[in-house]
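> I have a structure I would like to understand better, so I am pasting it below and will then ask my questions one at a time.
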Amino acid sequence: MAYSQENFTEISTDSALKDKTSSLPLSLQKLSSERNISVSVDTTSYIIQPRIFFGFSTLNNYASPINALREDWSISKNFNNGYHTHDFMAIRGDELPLYLSNKTYAELMVSEAVFFVNSQNGLIDNLNVGAFVTKNFAKNIYLNLRYDRINQKGIYLNSRNLLSRLNAQIANWNDSTNWSYELSYVNVYDKIQHSGGVLSDTFLLYDQYQLREAIPVINSQAYSKVNGDEFNYKLRYRFDIKDQFKVALQGGVGYQEYINIFDDQSDHDSINLQYGSTYFNFTDSIESHYYQRIFPFQFLVDVKMSDRWNFFYRINYNNVLLRQNEVFKTSTFSSCNSIGINYKGLNNQEFSLNSHFKSQGQGNGYEYNFLYQINLSRSWVGQVELSHSSMIPAWIFNRFAVNRSLMRSTQLDNVLENELKVGFSSTAKNIPSIGLVFRQQRNLFFLNFDQNLVQESKAIRIFDINVVEDIRFHFIGLYNKLRFINYNPDPAGWSAWYTKHELYLGSKLFKSNIQSRLALVADFIAPRKINGFNPLLGMYYPIRNNTKIFGPITGLLLNVQIADLNATIELVNIDSFWNKKRPVITEYYPWYDFNLRIQLLWKFLN
């Protein structure tokens, strides 16, 4: 039996009712940060989810930057600057959902990788820890805590990655009262030391380098560091005009401070060649510091006209101070007005119309979006989404000042995009889930072969398909995953396809109290071009054409679910035993060698 928001927010914490409270099933709600809408959370799964970078362009490293330009073109609702190297770990306090629980609920995840070859680099530490806690107190006070940390040492010599983020939220929330509030804090600390890759593939043949994480590398002094803090406060007032006509007003203020540093103190004069010809004159070191301080303000009007109709209006305003290397200083602003209407009809049909109008500095952008979803039956769901947008390139707010010298003032036109998304999924046995994206873009910008920032005025057609299929017969199954992304034309070299296949045995023991899954895993990757990565700019660039298919990159996986404990043991990159020369998809960043990764994920309920 599920309990609604009204049910569990009125539960008393008096000792006389503790037994009754403990006997209730867990009821967990997720409250949207952008809207005053809560949805039930599936308590059979986990809130903490391991990061899966299937289909993403990365440096083959769990803590590596993604290709932000290829992976995400969405309009940011807040101030958006040009540094997106660490977006895969980024969180924003004013965009985090709030979890409301009738009981104290917690999750803990610990993951560690071990390499079985003698390392000349000393300690190998590939630890990933995640924690989540939600607790309710008297008078409808809720506390949320999140912590996430990645420690990586020894993948390459002199390569150290340390990433951590902490979030705390405390809120008063009760649908039966008019006033509610929320206070949140976010701290982010990321330090990624760029190894620069191996000097030469011939090093892979030397017996003394029994593991490629111990290979000498260039650029051992270079690293990127992001340090940020956010404080946000939201105050909400709700009043009812009629039984079904409810209006919620929400205002918020905050403070955000971020520092982005790139530093390369390498003694090798030639190392600066990897940053492009623009930086040849810097022979000893390269430093680039970027600082931003933001004072955000948010106002939201959310109107529930009936059980089916909902309307909202939201404005975000940001006063921003930017400073780069003491060379470029400015104060700018960003504002985004969002208007939307949502309708839920018969048979769980749903459609929504949303629009966003954004101003940032001297730039103006907009986005119109239409979404329609229908449950064709209990097990069949279809979705169609249309959008048209003119997006402000965040890179124009970077002046790329290096060593107190202004290297470039970027001038870019808005990126124009028309997009159609079609999705289909089913819970029926052996039926695949399919997602199709058809996109046309103008003014695509990227780093070219010479590592210069350029913009393509021609229209580029993009086709992106994602397919997931799980075929199972009794206890034997075959899980398949495909992503194919094609740019036509493809000046940036971002086209590629990826597949993942798992042949598995699944079983249930002791009246289904223990569930296990043993799988043989094989990955294939085929990029159209081999890319390089410029750590100073945090951007990828094309190097040469590629006709190879990389794979199978193989592994063996055992997953066991025992009550609230989920344990995974994975033998990764077994193919390194017969393929000594590891695949290189991003230049100078070879794929990992054989290792063992263990992950434990617990639930705790009080």
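Ordering of the structure tokens sets the chain letters (A, B, ...), residue numbers begin anew at 1 in every chain, and ligands are numbered from 1 in the order given.
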Using DSSP on the backbone coordinates, identify all residues within segment 130-340 of chain A classified as strand (DSSP E or B); present the result as a ChimeraX atom specification.

/A:130-137,141-153,160-172,179-193,198,217,223-240,246-264,286-304,309-324,328-340

> Apply DSSP to the structure's backbone, then extract all residues of segment 206-453 of chain A labelled helix (DSSP H, G or I) and return them as an mmCIF file with all heavy atoms, in the first residue's frame.


data_model
loop_
_atom_site.group_PDB
_atom_site.id
_atom_site.type_symbol
_atom_site.label_atom_id
_atom_site.label_comp_id
_atom_site.auth_asym_id
_atom_site.auth_seq_id
_atom_site.Cartn_x
_atom_site.Cartn_y
_atom_site.Cartn_z
ATOM 1 N N ARG A 212 50.326 -0.807 -17.596
ATOM 2 C CA ARG A 212 50.403 0.476 -18.284
ATOM 3 C C ARG A 212 50.142 1.667 -17.365
ATOM 4 O O ARG A 212 50.445 2.795 -17.699
ATOM 5 C CB ARG A 212 49.451 0.486 -19.472
ATOM 6 C CG ARG A 212 50.151 0.021 -20.739
ATOM 7 C CD ARG A 212 49.165 -0.409 -21.788
ATOM 8 N NE ARG A 212 48.602 -1.711 -21.512
ATOM 9 C CZ ARG A 212 49.230 -2.861 -21.727
ATOM 10 N NH1 ARG A 212 50.454 -2.859 -22.182
ATOM 11 N NH2 ARG A 212 48.658 -4.005 -21.465
ATOM 12 N N GLU A 213 49.615 1.433 -16.180
ATOM 13 C CA GLU A 213 49.501 2.553 -15.251
ATOM 14 C C GLU A 213 50.880 2.991 -14.747
ATOM 15 O O GLU A 213 51.008 4.059 -14.166
ATOM 16 C CB GLU A 213 48.591 2.209 -14.077
ATOM 17 C CG GLU A 213 49.027 1.015 -13.248
ATOM 18 C CD GLU A 213 50.046 1.359 -12.201
ATOM 19 O OE1 GLU A 213 50.158 2.539 -11.833
ATOM 20 O OE2 GLU A 213 50.747 0.454 -11.762
ATOM 21 N N ALA A 214 51.899 2.168 -14.950
ATOM 22 C CA ALA A 214 53.238 2.503 -14.469
ATOM 23 C C ALA A 214 54.135 3.049 -15.570
ATOM 24 O O ALA A 214 55.315 3.241 -15.366
ATOM 25 C CB ALA A 214 53.892 1.268 -13.852
ATOM 26 N N ASP A 269 59.910 22.046 -22.387
ATOM 27 C CA ASP A 269 59.473 23.127 -23.270
ATOM 28 C C ASP A 269 58.469 22.635 -24.305
ATOM 29 O O ASP A 269 57.514 23.322 -24.651
ATOM 30 C CB ASP A 269 60.682 23.741 -23.987
ATOM 31 C CG ASP A 269 61.609 24.451 -23.009
ATOM 32 O OD1 ASP A 269 61.181 24.664 -21.867
ATOM 33 O OD2 ASP A 269 62.736 24.768 -23.400
ATOM 34 N N SER A 270 58.700 21.433 -24.814
ATOM 35 C CA SER A 270 57.869 20.941 -25.915
ATOM 36 C C SER A 270 56.459 20.578 -25.485
ATOM 37 O O SER A 270 55.582 20.404 -26.319
ATOM 38 C CB SER A 270 58.528 19.719 -26.552
ATOM 39 O OG SER A 270 58.642 18.666 -25.594
ATOM 40 N N ILE A 271 56.243 20.469 -24.183
ATOM 41 C CA ILE A 271 54.935 20.023 -23.735
ATOM 42 C C ILE A 271 53.837 20.995 -24.121
ATOM 43 O O ILE A 271 52.683 20.633 -24.324
ATOM 44 C CB ILE A 271 54.939 19.796 -22.205
ATOM 45 C CG1 ILE A 271 53.735 18.956 -21.788
ATOM 46 C CG2 ILE A 271 54.908 21.105 -21.444
ATOM 47 C CD1 ILE A 271 53.704 17.610 -22.453
ATOM 48 N N ASN A 272 54.190 22.260 -24.263
ATOM 49 C CA ASN A 272 53.178 23.256 -24.577
ATOM 50 C C ASN A 272 52.650 23.118 -26.001
ATOM 51 O O ASN A 272 51.657 23.760 -26.365
ATOM 52 C CB ASN A 272 53.730 24.659 -24.347
ATOM 53 C CG ASN A 272 54.062 24.887 -22.883
ATOM 54 O OD1 ASN A 272 53.306 24.482 -22.014
ATOM 55 N ND2 ASN A 272 55.202 25.501 -22.616
ATOM 56 N N LEU A 273 53.323 22.300 -26.810
ATOM 57 C CA LEU A 273 52.839 22.072 -28.162
ATOM 58 C C LEU A 273 51.461 21.431 -28.156
ATOM 59 O O LEU A 273 50.689 21.615 -29.093
ATOM 60 C CB LEU A 273 53.826 21.182 -28.936
ATOM 61 C CG LEU A 273 55.241 21.739 -29.114
ATOM 62 C CD1 LEU A 273 56.104 20.725 -29.850
ATOM 63 C CD2 LEU A 273 55.205 23.052 -29.877
ATOM 64 N N GLN A 274 51.137 20.668 -27.132
ATOM 65 C CA GLN A 274 49.862 19.961 -27.141
ATOM 66 C C GLN A 274 48.676 20.903 -26.926
ATOM 67 O O GLN A 274 47.539 20.519 -27.116
ATOM 68 C CB GLN A 274 49.840 18.869 -26.079
ATOM 69 C CG GLN A 274 49.775 19.363 -24.653
ATOM 70 C CD GLN A 274 49.527 18.219 -23.693
ATOM 71 O OE1 GLN A 274 48.735 17.329 -23.983
ATOM 72 N NE2 GLN A 274 50.206 18.235 -22.569
ATOM 73 N N TYR A 275 48.947 22.157 -26.564
ATOM 74 C CA TYR A 275 47.857 23.106 -26.379
ATOM 75 C C TYR A 275 47.557 23.898 -27.644
ATOM 76 O O TYR A 275 46.664 24.735 -27.647
ATOM 77 C CB TYR A 275 48.183 24.071 -25.230
ATOM 78 C CG TYR A 275 48.483 23.365 -23.936
ATOM 79 C CD1 TYR A 275 49.633 23.659 -23.210
ATOM 80 C CD2 TYR A 275 47.634 22.377 -23.447
ATOM 81 C CE1 TYR A 275 49.919 22.996 -22.028
ATOM 82 C CE2 TYR A 275 47.920 21.708 -22.276
ATOM 83 C CZ TYR A 275 49.062 22.023 -21.572
ATOM 84 O OH TYR A 275 49.334 21.352 -20.399
ATOM 85 N N SER A 277 49.152 25.911 -31.439
ATOM 86 C CA SER A 277 50.168 26.881 -31.858
ATOM 87 C C SER A 277 50.019 28.221 -31.144
ATOM 88 O O SER A 277 50.996 28.969 -31.007
ATOM 89 C CB SER A 277 50.087 27.093 -33.374
ATOM 90 O OG SER A 277 48.779 27.542 -33.737
ATOM 91 N N THR A 278 48.824 28.537 -30.657
ATOM 92 C CA THR A 278 48.600 29.824 -29.986
ATOM 93 C C THR A 278 49.480 29.972 -28.763
ATOM 94 O O THR A 278 49.846 31.088 -28.381
ATOM 95 C CB THR A 278 47.124 29.949 -29.570
ATOM 96 O OG1 THR A 278 46.304 29.684 -30.699
ATOM 97 C CG2 THR A 278 46.819 31.336 -29.036
ATOM 98 N N TYR A 279 49.869 28.846 -28.154
ATOM 99 C CA TYR A 279 50.563 28.892 -26.869
ATOM 100 C C TYR A 279 52.049 28.550 -26.985
ATOM 101 O O TYR A 279 52.704 28.260 -25.995
ATOM 102 C CB TYR A 279 49.875 27.931 -25.885
ATOM 103 C CG TYR A 279 48.404 28.228 -25.754
ATOM 104 C CD1 TYR A 279 47.479 27.549 -26.529
ATOM 105 C CD2 TYR A 279 47.955 29.202 -24.882
ATOM 106 C CE1 TYR A 279 46.131 27.839 -26.428
ATOM 107 C CE2 TYR A 279 46.601 29.499 -24.778
ATOM 108 C CZ TYR A 279 45.697 28.814 -25.559
ATOM 109 O OH TYR A 279 44.360 29.106 -25.462
ATOM 110 N N LEU A 346 -6.833 11.091 -19.960
ATOM 111 C CA LEU A 346 -7.261 9.716 -19.757
ATOM 112 C C LEU A 346 -6.156 8.747 -20.139
ATOM 113 O O LEU A 346 -5.310 9.028 -20.983
ATOM 114 C CB LEU A 346 -8.517 9.445 -20.599
ATOM 115 C CG LEU A 346 -9.744 10.322 -20.292
ATOM 116 C CD1 LEU A 346 -10.860 10.024 -21.274
ATOM 117 C CD2 LEU A 346 -10.208 10.118 -18.857
ATOM 118 N N ASN A 347 -6.171 7.585 -19.495
ATOM 119 C CA ASN A 347 -5.185 6.530 -19.771
ATOM 120 C C ASN A 347 -3.755 7.042 -19.611
ATOM 121 O O ASN A 347 -2.840 6.644 -20.321
ATOM 122 C CB ASN A 347 -5.368 5.967 -21.186
ATOM 123 C CG ASN A 347 -6.729 5.356 -21.379
ATOM 124 O OD1 ASN A 347 -7.270 4.703 -20.484
ATOM 125 N ND2 ASN A 347 -7.325 5.590 -22.553
ATOM 126 N N ASN A 348 -3.581 7.970 -18.643
ATOM 127 C CA ASN A 348 -2.257 8.517 -18.346
ATOM 128 C C ASN A 348 -1.603 9.196 -19.539
ATOM 129 O O ASN A 348 -0.381 9.248 -19.647
ATOM 130 C CB ASN A 348 -1.328 7.425 -17.807
ATOM 131 C CG ASN A 348 -1.745 6.957 -16.432
ATOM 132 O OD1 ASN A 348 -2.158 7.756 -15.601
ATOM 133 N ND2 ASN A 348 -1.627 5.669 -16.195
ATOM 134 N N ALA A 394 28.118 29.345 -24.408
ATOM 135 C CA ALA A 394 28.719 29.774 -23.150
ATOM 136 C C ALA A 394 30.176 30.174 -23.330
ATOM 137 O O ALA A 394 30.711 30.969 -22.546
ATOM 138 C CB ALA A 394 28.611 28.650 -22.119
ATOM 139 N N TRP A 395 30.826 29.657 -24.386
ATOM 140 C CA TRP A 395 32.250 29.923 -24.582
ATOM 141 C C TRP A 395 32.539 31.397 -24.867
ATOM 142 O O TRP A 395 33.667 31.850 -24.734
ATOM 143 C CB TRP A 395 32.790 29.048 -25.716
ATOM 144 C CG TRP A 395 33.330 27.751 -25.234
ATOM 145 C CD1 TRP A 395 34.647 27.415 -25.105
ATOM 146 C CD2 TRP A 395 32.595 26.616 -24.780
ATOM 147 N NE1 TRP A 395 34.764 26.140 -24.607
ATOM 148 C CE2 TRP A 395 33.518 25.624 -24.406
ATOM 149 C CE3 TRP A 395 31.245 26.338 -24.664
ATOM 150 C CZ2 TRP A 395 33.136 24.389 -23.915
ATOM 151 C CZ3 TRP A 395 30.849 25.104 -24.170
ATOM 152 C CH2 TRP A 395 31.793 24.148 -23.802
ATOM 153 N N ILE A 396 31.535 32.156 -25.263
ATOM 154 C CA ILE A 396 31.805 33.566 -25.555
ATOM 155 C C ILE A 396 32.093 34.339 -24.271
ATOM 156 O O ILE A 396 32.581 35.468 -24.320
ATOM 157 C CB ILE A 396 30.630 34.235 -26.309
ATOM 158 C CG1 ILE A 396 29.379 34.295 -25.434
ATOM 159 C CG2 ILE A 396 30.367 33.529 -27.608
ATOM 160 C CD1 ILE A 396 28.218 35.018 -26.105
ATOM 161 N N PHE A 397 31.816 33.739 -23.103
ATOM 162 C CA PHE A 397 32.096 34.415 -21.845
ATOM 163 C C PHE A 397 33.471 34.038 -21.286
ATOM 164 O O PHE A 397 33.783 34.361 -20.163
ATOM 165 C CB PHE A 397 30.996 34.098 -20.829
ATOM 166 C CG PHE A 397 29.655 34.612 -21.274
ATOM 167 C CD1 PHE A 397 28.767 33.784 -21.923
ATOM 168 C CD2 PHE A 397 29.311 35.930 -21.075
ATOM 169 C CE1 PHE A 397 27.542 34.247 -22.357
ATOM 170 C CE2 PHE A 397 28.085 36.416 -21.506
ATOM 171 C CZ PHE A 397 27.202 35.577 -22.149
#

> What gap, in Å, lies between atom CA of Tyr368 of chain A and atom CA of Arg483 of chain A?

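Straight-line distance from atom CA of Tyr368 of chain A to atom CA of Arg483 of chain A works out to 26.3 Å.
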
> Using only C-alpha atoms, find the one residue out of A:Arg378, A:Arg408, A:Ser285, A:Ser74 that sits nearest to His356 of chain A.

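Of all the options, A:Ser74 lies closest to His356 of chain A.
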
> Find the spatial neighbours of segment 413-425 of chain A, counting only C-alpha atoms, within a cut-off of 6 Å - ignore same-chain residues fewer than 4 positions away - and output them as a PyMOL selection string.

chain A and resi 381-392+433-443

> Pick out the residues sitting within 8 Å of Val560 of chain A, and hand them over as a ChimeraX atom specification; count only C-alpha atoms, and ignore anything fewer than 4 positions along from it in its own chain.

/A:514-517,566-568
